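Enquirer: What follows is a single structure, and I will ask about it in a moment.
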Amino acid sequence: MEDYPNSAGSDGAHLRHRYSVPDVPEDVEDELMLHFNDPNWDLNANSSTVSISTDGMEKRWSKSSGIGVSADTESQISSWPPPDSKADFSSEMTQVQDSPYPEVRAAVANTDDPDMIVNTFRVWFIGMLFAIIVPAFNTVIAMRSPFVVINVLLVQVITLPLGKFLEWALPKYRLTVFGYSMSLNPGPFNIKEHTLIAIMVNVVVDGTPVTDMAASMRIVYGVEWSIGKQFLLGLAVQLLGFSFAGILRQFLVWPSSMIWPGVLVRCALLNTMHSNYGKKDTKHISRERFLYIACASSFVWYWFPGYIWTGLSVFNWVCWIAPNNVVVNSLFGSISGLGMGLFTFDWVMISEVGSPLVIPWWAQLNMMAGFVLVIWLICPILWGAYPFPRTYFSLNSCPYPVPVPFDNTGAPYDLTAVVTNNTFDEAKYEQYSPMFLPITYAITYGTIFATYPAVIVHTFLWYRHDIVRQLRRSLKDETDIHAYLMRRYPEVSHWCFMALGIFCFVLGVIAIEVCHTGLPIWAYTLAVGFAVIFVLPFGIVQAITNQQINFSVMAELIMGYILPGHPIATMVFKTMAGDTAAQAITFSSDLKFGHYLKVPPRLVFSGQIVASIVAVFSSIVAEKWALDNIHDICSPDQSARFTCPNLDVFNTSSIIWGGIGPARLFSAGAIYYPIVWFFLIGAALPVPFYFLARRYPRSAWRYVHIPVSLVGANTVPPANGLNFSSWILVGFVFQWFMRRFHFRWWMRYNYLLATGLDFGVLLGLTVIFFTLQLPKGGIELNWWGNSVWQRTADALMIPLKTLEPGQTFGPSSWT
């Protein structure tokens, strides 16, 4: 290894860092196989035989601002020298100066200031304020159609001026409560305080799943749970997932390969906001200015596809030319068609399946391949060639954010026609009609079924050795720079998370009994067991691809079989299994957020626990207020549009799976029985690609990820081809072309652009909603640009064939 001068005294000097060359070729192959299962690892660029260079500018830590400012960097740079630290680290610290992943280096500082104070009155005041207001507001406003919610990105932006205001206004002395002391105003509002507040808000931004169950019980089933009963059930769901996340830290948080692309966007935003404002850059535009320009541009532009000319959003331009041609509309339509229009001008539509500036390029290719194969190839073939008369309803059916099933007349399925006294009535079902699904909806169920065994098999094949190895590892065994820096702070014991999990499980047992849910204890135990099984593989997929896999459908399927005809029990089982797994993954992402920005783990633990408890209570109270005080809430003609669209989805799901039941849809002899073969297909698909990758480890086979490919098809509906084609085009520009040929620009600005586009759209949605859509029933612009796409066969969901009045299709009898 070459000697290096002190970088602090050699401004502008070009430093070069070379790792030692392996003594024998076998060492290269050992390194190749070490990172074989990490598709985000570039085997060529990260090889130990490759030079790792920097342009002579280092990352420095400013104690006043609390931010590491990263200079322009080339691919695979290493920060040199290693940062100073109060802790006495071993000499092996010098072997790892930064993350091996460019995505992480672009968004996260490789330095830390352990003297930075985090446990302040400002943190708890702002964090608790948001933990009360945000989930309460989102719970109520989500009952309206349309609606816009406050997300964590908006909160991160609002937090900085609030923190700066308290920095100016609060006196500088310490506050002692019950023997615990904290500073009211220790100095400048810093990035770690900001991070902890964002963590507290992110875990509660969606409120609590128990509010959906409680509203459904009250509106559909005529049973009103007390606030106390809801609180017990809400805490059990909210914190049980947190215990899983804590136990799985060594798999999902500590390893450097678990990069969590979505978290990097939030890190980039905070790093930029806390950097030195007004700093002049002579060679390029500053990060702060770039972020502001991106936000402003996105906000201004969104008014066109979001309000002024909505046709730019659902840009099914081919359908405008032939509005009555059903075949053309079925292929190119973006409402009930396959969306082959190729592009849209609305960032909301482009990012429907995730930001293309964040998801790795290899993952985007997998998702696009899965979508094209399943939705654009298989679905049209089955639509036209399958002997069943699917042409009596639209190819894809999603006029709302939920697909619409049909009856045997081609009309939307009337669930109230099979319900008596809020329970499924089999006699009415036999008199009415079997349920028919649009072909894309049916095949999507198949890909969802295939995803669950695929992710288990894929995780076993690719990560089994890592999982066994990580079982024996602790934080001090990790070689990542961020793991090194986090060694300074005491970790939360695994026993704390296990004790929390046991407490929440017992709380759940009590809650489902006192709420009279009809869910047996053994079924509740089964729900928790399924969540335990799937959290780790689902978490790994999201940590490396930013794609979330939802367990809810599988939970509904299981409960529909083991306890048929119990819609309430099915609803609770789905929440206990699916939402617990989802909560665990959300908590894991926030643990990684704190890990990246060096927030003491025990403070993260305390903040998440307290914020969750407060948010559960505030969400329940807010929903009860809305149900008690908003006249005709959840009725279709409610004057202020509080029609509860999400609750309709929740109720419909409980009737379909808990009432009609999966046996009438997927068992032997049922209409969609062939769909169950997707379970076997999903289990088998990862195997050949794994062995091909093992045989040719430097080939493209290494990047084939079957679960991610299936996720591409799982998102349809509500996503369609218009979303995917626009998404992959933008991804190609930024995640392939710019990253490959303009890496400096990509490192400086890519994640800031992603943040700016998202925040600008969110701000535009908020302003339009509260100024033009909410007051007095809303203000609409009635002109061709806003109506042309609504007069097509695509928007009207006109099928290829129609029936005469009184005619039906399908089987003549069903049970």
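Chain lettering (A, B, ...) mirrors the order of the structure tokens, residue numbering begins at 1 for each chain separately, and ligand numbering begins at 1 in order of display.
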Hey, what's within 12 Å of Val704 (chain A) if we count only C-alpha atoms and toss same-chain stuff fewer than 3 positions away? As a ChimeraX atom specification, please?

Expert: /A:37-39,361-370,458,462,685-694,697,699-701,707-710

Enquirer: What's the 7 Å shell around region 227-239 of chain A, counting only C-alpha atoms, without same-chain residues fewer than 4 positions away, as a list of chain:residue names?

Expert: A:Thr208, A:Pro209, A:Val210, A:Ser243, A:Cys504, A:Phe505, A:Leu507, A:Gly508, A:Ala511, A:Cys515, A:Met576, A:Thr580, A:Gln583, A:Ser612, A:Ile613, A:Val616, A:Phe617, A:Ile620

Enquirer: When you look at region 262-270 of chain A with a cut-off of 9 Å (counting only C-alpha atoms), what residues show up, excluding the ones that are within fewer than 5 positions of it in the same chain? I need them as a VMD selection string.

Expert: chain A and resid 67 103 to 104 106 to 108 152 to 153 156 to 157 191 194 to 195 275 291 355 358 to 359 542 to 543 545 to 546 589 to 590 592 to 593 596 to 597 751 to 752 754 to 756

Enquirer: Please provide the set of residues having any atom within 10 Å of region 414-425 of chain A, restricted to only C-alpha atoms, with same-chain residues fewer than 6 positions apart removed, written as a PyMOL selection string.

Expert: chain A and resi 217+219-222+405-407+431-433+435+565-568+651-652+655-656+658-661

Enquirer: To one decimal in Å, tell me the separation between CA of Tyr292 (chain A) and CA of Leu312 (chain A).

Expert: 24.4 Å
